[in-house]
file data_29.cif (mmCIF, C-alpha atoms)
data_run
#
loop_
_atom_site.label_atom_id
_atom_site.label_comp_id
_atom_site.auth_asym_id
_atom_site.auth_seq_id
_atom_site.Cartn_x
_atom_site.Cartn_y
_atom_site.Cartn_z
CA MET V 1 0.00 0.00 0.00
CA THR V 2 1.39 3.39 -1.02
CA ILE V 3 1.90 6.28 1.40
CA GLN V 4 -0.94 8.09 -0.35
CA TRP V 5 -3.41 5.29 0.35
CA ARG V 6 -2.19 4.95 3.93
CA LEU V 7 -2.94 8.63 4.44
CA ARG V 8 -6.39 8.19 2.94
CA TRP V 9 -7.25 5.18 5.08
CA THR V 10 -5.99 6.98 8.17
CA ALA V 11 -8.29 9.92 7.42
CA VAL V 12 -11.24 7.60 6.77
CA VAL V 13 -10.80 5.61 9.99
CA ALA V 14 -10.11 8.71 12.10
CA THR V 15 -13.23 10.46 10.79
CA CYS V 16 -15.32 7.34 11.37
CA LEU V 17 -14.10 7.01 14.97
CA LEU V 18 -14.68 10.70 15.62
CA GLY V 19 -18.27 10.35 14.44
CA VAL V 20 -18.97 7.14 16.35
CA VAL V 21 -17.46 8.38 19.62
CA GLY V 22 -17.76 12.13 19.26
CA GLU V 23 -21.50 12.56 18.67
CA PRO V 24 -22.73 10.70 21.80
CA LEU V 25 -19.86 12.16 23.84
CA ALA V 26 -20.73 15.71 22.79
CA ASN V 27 -24.37 15.11 23.70
CA SER V 28 -23.46 13.58 27.05
CA ILE V 29 -21.36 16.65 27.91
CA GLN V 30 -24.47 18.76 27.30
CA ASN V 31 -26.60 16.30 29.33
CA TYR V 32 -28.77 15.50 26.32
CA PRO V 33 -30.68 12.20 26.60
CA PHE V 34 -29.82 9.50 24.08
CA GLN V 35 -32.70 9.31 21.56
CA TYR V 36 -33.50 7.40 18.40
CA GLY V 37 -32.15 10.21 16.23
CA ASP V 38 -28.69 9.69 17.71
CA VAL V 39 -28.60 6.16 16.27
CA PHE V 40 -28.97 7.54 12.75
CA TRP V 41 -26.38 10.28 13.34
CA ILE V 42 -23.85 7.73 14.62
CA VAL V 43 -24.48 5.32 11.73
CA GLY V 44 -24.18 8.14 9.20
CA LEU V 45 -21.02 9.61 10.70
CA GLY V 46 -19.49 6.14 11.01
CA VAL V 47 -20.32 4.82 7.52
CA VAL V 48 -20.05 7.83 5.21
CA PRO V 49 -16.24 8.34 5.37
CA PHE V 50 -15.73 4.86 3.88
CA LEU V 51 -17.65 5.93 0.76
CA ALA V 52 -14.62 8.03 -0.15
CA VAL V 53 -12.66 4.83 -0.92
CA PRO V 54 -14.70 3.72 -4.00
CA THR V 55 -14.84 7.36 -5.11
CA TRP V 56 -11.05 7.53 -5.12
CA ARG V 57 -10.96 4.34 -7.19
CA ASN V 58 -13.52 5.67 -9.68
CA THR V 59 -12.03 9.12 -10.25
CA ALA V 60 -8.63 10.20 -11.49
CA LYS V 61 -8.38 13.18 -9.11
CA PRO V 62 -8.59 12.63 -5.32
CA LEU V 63 -10.34 15.90 -4.37
CA LEU V 64 -13.89 14.49 -4.39
CA GLY V 65 -13.02 11.74 -1.91
CA TRP V 66 -11.57 14.30 0.47
CA VAL V 67 -14.74 16.38 0.15
CA GLN V 68 -16.78 13.30 1.15
CA ILE V 69 -14.62 12.97 4.26
CA ALA V 70 -14.70 16.69 5.05
CA HIS V 71 -18.50 16.89 4.91
CA PRO V 72 -19.31 14.68 7.95
CA LEU V 73 -16.10 15.67 9.74
CA PHE V 74 -16.73 19.42 9.57
CA TYR V 75 -20.43 18.95 10.29
CA SER V 76 -19.81 16.92 13.42
CA LEU V 77 -17.07 19.24 14.69
CA GLY V 78 -18.96 22.40 13.83
CA PHE V 79 -22.40 21.47 15.14
CA TYR V 80 -21.95 18.68 17.70
CA TRP V 81 -18.82 20.06 19.39
CA GLN V 82 -19.67 23.72 18.94
CA TYR V 83 -21.93 23.79 22.01
CA PRO V 84 -19.88 21.70 24.47
CA LEU V 85 -16.89 23.92 23.68
CA ASP V 86 -18.66 27.26 23.25
CA SER V 87 -16.89 28.56 26.37
CA GLN V 88 -13.50 28.11 24.66
CA SER V 89 -13.01 31.47 22.99
CA TRP V 90 -10.14 30.24 20.81
CA LEU V 91 -11.76 26.98 19.68
CA TRP V 92 -15.46 27.77 19.40
CA PRO V 93 -15.17 30.17 16.38
CA LEU V 94 -13.00 27.65 14.54
CA LEU V 95 -15.63 24.95 15.03
CA VAL V 96 -18.34 27.28 13.74
CA PHE V 97 -16.14 28.03 10.73
CA LEU V 98 -15.76 24.30 10.01
CA GLY V 99 -19.51 23.83 10.35
CA ASN V 100 -20.03 26.46 7.66
CA LEU V 101 -17.55 24.70 5.37
CA SER V 102 -19.60 21.49 5.72
CA PHE V 103 -22.39 23.28 3.83
CA VAL V 104 -19.96 24.09 1.00
CA ALA V 105 -18.89 20.43 0.84
CA TYR V 106 -22.55 19.33 0.67
CA TRP V 107 -23.31 21.73 -2.19
CA TRP V 108 -20.19 20.55 -4.01
CA LEU V 109 -21.34 16.90 -3.78
CA ASN V 110 -24.67 17.84 -5.33
CA ALA V 111 -23.12 19.43 -8.40
CA ILE V 112 -20.23 17.18 -9.49
CA ASP V 113 -19.88 15.54 -12.89
CA ASP V 114 -19.66 11.77 -13.26
CA ASP V 115 -15.85 11.98 -13.18
CA GLY V 116 -15.90 13.83 -9.86
CA GLN V 117 -15.08 17.26 -11.25
CA LEU V 118 -17.01 20.49 -11.73
CA ARG V 119 -16.90 20.98 -15.49
CA ASN V 120 -20.38 22.49 -15.80
CA ARG V 121 -20.05 26.29 -16.04
CA LEU V 122 -23.25 26.92 -14.10
CA ALA V 123 -22.15 24.56 -11.34
CA GLN V 124 -18.74 26.24 -11.19
CA ALA V 125 -20.38 29.64 -10.84
CA ILE V 126 -22.86 28.66 -8.12
CA ILE V 127 -20.44 26.55 -6.08
CA GLY V 128 -17.66 29.11 -6.56
CA VAL V 129 -19.85 31.97 -5.33
CA GLY V 130 -21.16 29.81 -2.46
CA THR V 131 -17.64 28.88 -1.40
CA ILE V 132 -16.41 32.48 -1.46
CA VAL V 133 -19.46 33.89 0.32
CA TRP V 134 -19.68 31.22 3.00
CA THR V 135 -15.93 31.32 3.63
CA GLY V 136 -16.25 35.08 3.99
CA ILE V 137 -19.06 34.63 6.51
CA GLY V 138 -16.84 32.23 8.45
CA LEU V 139 -14.05 34.80 8.48
CA ILE V 140 -16.46 37.43 9.82
CA ILE V 141 -17.31 35.06 12.67
CA LEU V 142 -13.62 34.50 13.36
CA LEU V 143 -12.44 38.08 13.08
CA CYS V 144 -15.42 40.21 14.12
CA TYR V 145 -17.55 38.26 16.59
CA VAL V 146 -18.25 40.28 19.74
CA PRO V 147 -21.33 39.03 21.63
CA GLU V 148 -23.85 41.35 23.24
CA SER V 149 -24.08 39.28 26.41
CA PRO V 150 -21.07 39.51 28.76
CA SER V 151 -21.44 35.82 29.58
CA ALA V 152 -21.18 34.75 25.93
CA PRO V 153 -17.72 33.74 24.66
CA HIS V 154 -15.70 36.32 22.76
CA SER V 155 -13.63 35.22 19.81
CA ASP V 156 -9.89 35.36 20.45
CA TYR V 157 -9.54 36.12 16.76
CA ALA V 158 -11.82 39.19 16.83
CA VAL V 159 -9.16 41.68 15.80
CA PHE V 160 -11.81 44.03 14.38
CA SER V 161 -14.57 45.73 16.34
CA GLY V 162 -17.21 44.19 14.13
CA GLY V 163 -19.84 43.12 16.62
CA ALA V 164 -22.44 45.37 15.00
CA LEU V 165 -21.54 43.98 11.56
CA TYR V 166 -21.87 40.41 12.81
CA ARG V 167 -25.23 41.06 14.46
CA SER V 168 -26.55 42.86 11.36
CA LEU V 169 -25.62 39.87 9.19
CA PHE V 170 -26.96 37.23 11.58
CA SER V 171 -29.92 38.80 13.35
CA GLU V 172 -32.89 36.67 14.33
CA SER V 173 -34.96 38.22 11.55
CA SER V 174 -35.99 35.85 8.77
CA TRP V 175 -34.70 38.46 6.30
CA SER V 176 -31.24 38.90 7.81
CA PRO V 177 -28.53 39.02 5.10
CA GLY V 178 -26.80 35.85 6.29
CA LEU V 179 -30.02 33.84 6.28
CA VAL V 180 -31.12 35.22 2.91
CA ILE V 181 -27.75 34.28 1.38
CA TYR V 182 -27.94 30.81 2.91
CA LYS V 183 -31.48 30.20 1.60
CA GLY V 184 -30.55 31.61 -1.81
CA LEU V 185 -27.62 29.20 -2.10
CA LEU V 186 -29.80 26.25 -1.04
CA ILE V 187 -32.42 27.10 -3.67
CA SER V 188 -29.78 27.78 -6.35
CA VAL V 189 -28.09 24.42 -5.76
CA ALA V 190 -31.46 22.64 -5.83
CA ALA V 191 -32.33 24.34 -9.14
CA LEU V 192 -28.90 23.40 -10.48
CA THR V 193 -29.42 19.70 -9.62
CA VAL V 194 -32.76 19.77 -11.50
CA TRP V 195 -31.04 21.33 -14.52
CA LEU V 196 -28.31 18.67 -14.39
CA ALA V 197 -30.94 15.92 -14.15
CA LEU V 198 -32.83 17.27 -17.18
CA HIS V 199 -29.63 17.32 -19.27
CA ALA V 200 -28.07 14.12 -17.94
CA ARG V 201 -27.09 11.14 -20.07
CA PRO V 202 -29.72 8.37 -20.13
CA HIS V 203 -27.76 6.08 -17.78
CA GLU V 204 -27.28 8.95 -15.28
CA LYS V 205 -30.84 10.27 -15.17
CA ARG V 206 -32.10 8.13 -12.29
CA THR V 207 -29.15 9.01 -10.06
CA ARG V 208 -29.33 12.67 -11.03
CA TRP V 209 -33.05 12.87 -10.21
CA LEU V 210 -32.46 11.23 -6.83
CA ILE V 211 -29.78 13.83 -6.09
CA ALA V 212 -32.16 16.58 -7.23
CA THR V 213 -34.88 15.22 -4.94
CA MET V 214 -32.54 15.27 -1.95
CA ALA V 215 -31.41 18.81 -2.82
CA ILE V 216 -35.02 20.02 -3.13
CA VAL V 217 -35.91 18.48 0.24
CA GLY V 218 -32.83 20.10 1.79
CA ALA V 219 -33.73 23.49 0.26
CA CYS V 220 -37.31 23.28 1.57
CA TRP V 221 -36.04 22.24 4.98
CA GLY V 222 -33.44 24.98 5.23
CA SER V 223 -35.80 27.63 3.86
CA GLY V 224 -38.14 27.53 6.85
CA LEU V 225 -39.78 24.11 7.18
CA ASP V 226 -37.51 23.31 10.13
CA ASP V 227 -39.06 26.21 12.08
CA VAL V 228 -42.64 24.91 11.83
CA GLY V 229 -44.51 22.17 13.67
CA ASP V 230 -44.16 20.06 16.77
CA ASN V 231 -40.76 19.39 18.31
CA TRP V 232 -41.35 15.64 18.06
CA LEU V 233 -41.55 15.98 14.29
CA LEU V 234 -39.17 18.83 13.54
CA GLY V 235 -36.91 19.34 16.56
CA PRO V 236 -33.22 18.38 16.89
CA ASP V 237 -34.16 14.72 17.34
CA GLY V 238 -37.48 14.87 15.50
CA LEU V 239 -38.50 12.40 12.82
CA LEU V 240 -38.29 14.73 9.82
CA ALA V 241 -35.08 16.34 11.06
CA THR V 242 -33.55 12.89 11.39
CA VAL V 243 -34.66 11.82 7.91
CA VAL V 244 -33.44 15.01 6.22
CA THR V 245 -30.05 15.04 7.93
CA PHE V 246 -29.51 11.31 7.40
CA ALA V 247 -30.33 11.78 3.70
CA GLU V 248 -27.79 14.60 3.43
CA PHE V 249 -25.16 12.54 5.25
CA VAL V 250 -25.65 9.10 3.71
CA VAL V 251 -27.81 9.26 0.57
CA ILE V 252 -25.97 12.07 -1.24
CA PRO V 253 -22.45 10.60 -0.71
CA TYR V 254 -23.76 7.16 -1.76
CA LEU V 255 -25.30 8.63 -4.92
CA VAL V 256 -21.97 10.30 -5.64
CA VAL V 257 -20.35 6.85 -5.51
CA VAL V 258 -22.99 5.50 -7.92
CA LEU V 259 -22.56 8.46 -10.27
CA THR V 260 -18.76 8.20 -10.40
CA ALA V 261 -19.01 4.42 -10.87
CA HIS V 262 -21.24 5.01 -13.92
CA GLY V 263 -18.74 7.55 -15.20
CA ARG V 264 -15.86 5.10 -14.75
CA GLN V 265 -17.79 2.38 -16.58
CA ARG V 266 -18.63 4.76 -19.43
CA GLU V 267 -14.96 5.76 -19.70
CA ARG V 268 -13.89 2.11 -19.95
CA ILE V 269 -16.47 1.46 -22.67
CA GLU V 270 -15.27 4.48 -24.65
CA VAL V 271 -11.63 3.39 -24.29
CA ALA V 272 -12.52 -0.13 -25.43
CA ALA V 273 -14.43 1.25 -28.41
CA ASP V 274 -11.43 3.40 -29.37
CA GLN V 275 -9.17 0.36 -29.16
CA VAL V 276 -11.51 -1.63 -31.42
CA ASP V 277 -11.58 1.22 -33.92
CA ALA V 278 -7.78 1.38 -33.82
#

call {"tool": "encode", "arguments": {"input": "data_29.cif", "output": "structure tokens"}}
result
Amino acid sequence: MTIQWRLRWTAVVATCLLGVVGEPLANSIQNYPFQYGDVFWIVGLGVVPFLAVPTWRNTAKPLLGWVQIAHPLFYSLGFYWQYPLDSQSWLWPLLVFLGNLSFVAYWWLNAIDDDGQLRNRLAQAIIGVGTIVWTGIGLIILLCYVPESPSAPHSDYAVFSGGALYRSLFSESSWSPGLVIYKGLLISVAALTVWLALHARPHEKRTRWLIATMAIVGACWGSGLDDVGDNWLLGPDGLLATVVTFAEFVVIPYLVVVLTAHGRQRERIEVAADQVDA
């Protein structure tokens, strides 16, 4: 086994262990009771990193496999460990920043081509803008976060007096700039997946439409559906919240594996046809 593959397997196993151990540990630190939703989170965080292995074998460039690892890793660090460690002023903003990057990784997985790259110009534009904007939002959290409450943790990286800027971007209003940008990116990515499904090759259409369905559900969920209804159905451990998050964690990365496998098979057929012609 080459050094490159050893590094990949180390990252896969480490991410898996962090998900299996980290999620229940983070909840126990916050004194949250163990509920049925936790079973799905643990399974998703434990299984998904291994999906990067077939992706690496199906694609010539390794970036997509690393994105599949980064998605659950950043999500778990940014949203499970954010609250147990929110009193650590040097670590908490970094975890929030990683949580934001998990959204970028998820959008990237929705828009890839069957060879694991972003060749589509529309996909490049949307994902590029989303990456720049959401990275910028993360930097604002790192460099400008000054809480109103004296008991809330300050960011050790807040070198600018940007508390007012932060609060104006992330107010509780449903029309705050940060929330509008987030919803706009969700809807744009969902529309992009539909466009890709409509223009997909015949053997890709089923996978593309499944990805589009997941993206549409995620866009509806993130655009306000998660704020409506009973806690049993929509809360942190609610049924719909569990289904939506599990789909984003497990279904999308699995469909990426299927899509890249189809692309690899198509490439082999084209190479064989060229050899016959030669």

call {"tool": "atom_distance", "arguments": {"input": "data_29.cif", "atom1": "atom CA of V:Pro49", "atom2": "atom CA of V:Val12"}}
result
5.2 Å

call {"tool": "residues_around", "arguments": {"input": "data_29.cif", "residues": "stretch 123-132 of chain V", "least_positions_apart": "5", "cutoff": "10 Å", "atoms": "all atoms listed in the file", "output": "number ranges by chain"}}
result
V: 100-101, 103-105, 107-113, 117-118, 137-138, 181-182, 184-186, 188-189, 192-193, 195-196

call {"tool": "residues_around", "arguments": {"input": "data_29.cif", "residues": "V:Ala70", "least_positions_apart": "5", "cutoff": "12 Å", "atoms": "all atoms listed in the file", "output": "PyMOL selection string"}}
result
chain V and resi 11-12+14-16+19+45+48-52+63-65+75-78+98-106+108-109+249+253

call {"tool": "closest_residue", "arguments": {"input": "data_29.cif", "among": "V:Val43, V:Leu73, V:Leu85, V:Leu255", "to": "V:Asn27", "atoms": "all atoms listed in the file"}}
result
V:Leu85

call {"tool": "resolve_selection", "arguments": {"input": "data_29.cif", "expression": "the PyMOL selection byres ((chain V and resi 84) around 7)", "output": "list in words"}}
result
Ala26, Ile29, Gln30, Trp81, Gln82, Tyr83, Leu85 and Asp86 of chain V

call {"tool": "resolve_selection", "arguments": {"input": "data_29.cif", "expression": "the PyMOL selection byres ((chain V and resi 208-214) around 10)", "output": "MDAnalysis selection string"}}
result
chainID V and resid 109:111 114 189:201 203:207 215:220 244 247:248 251:256 259
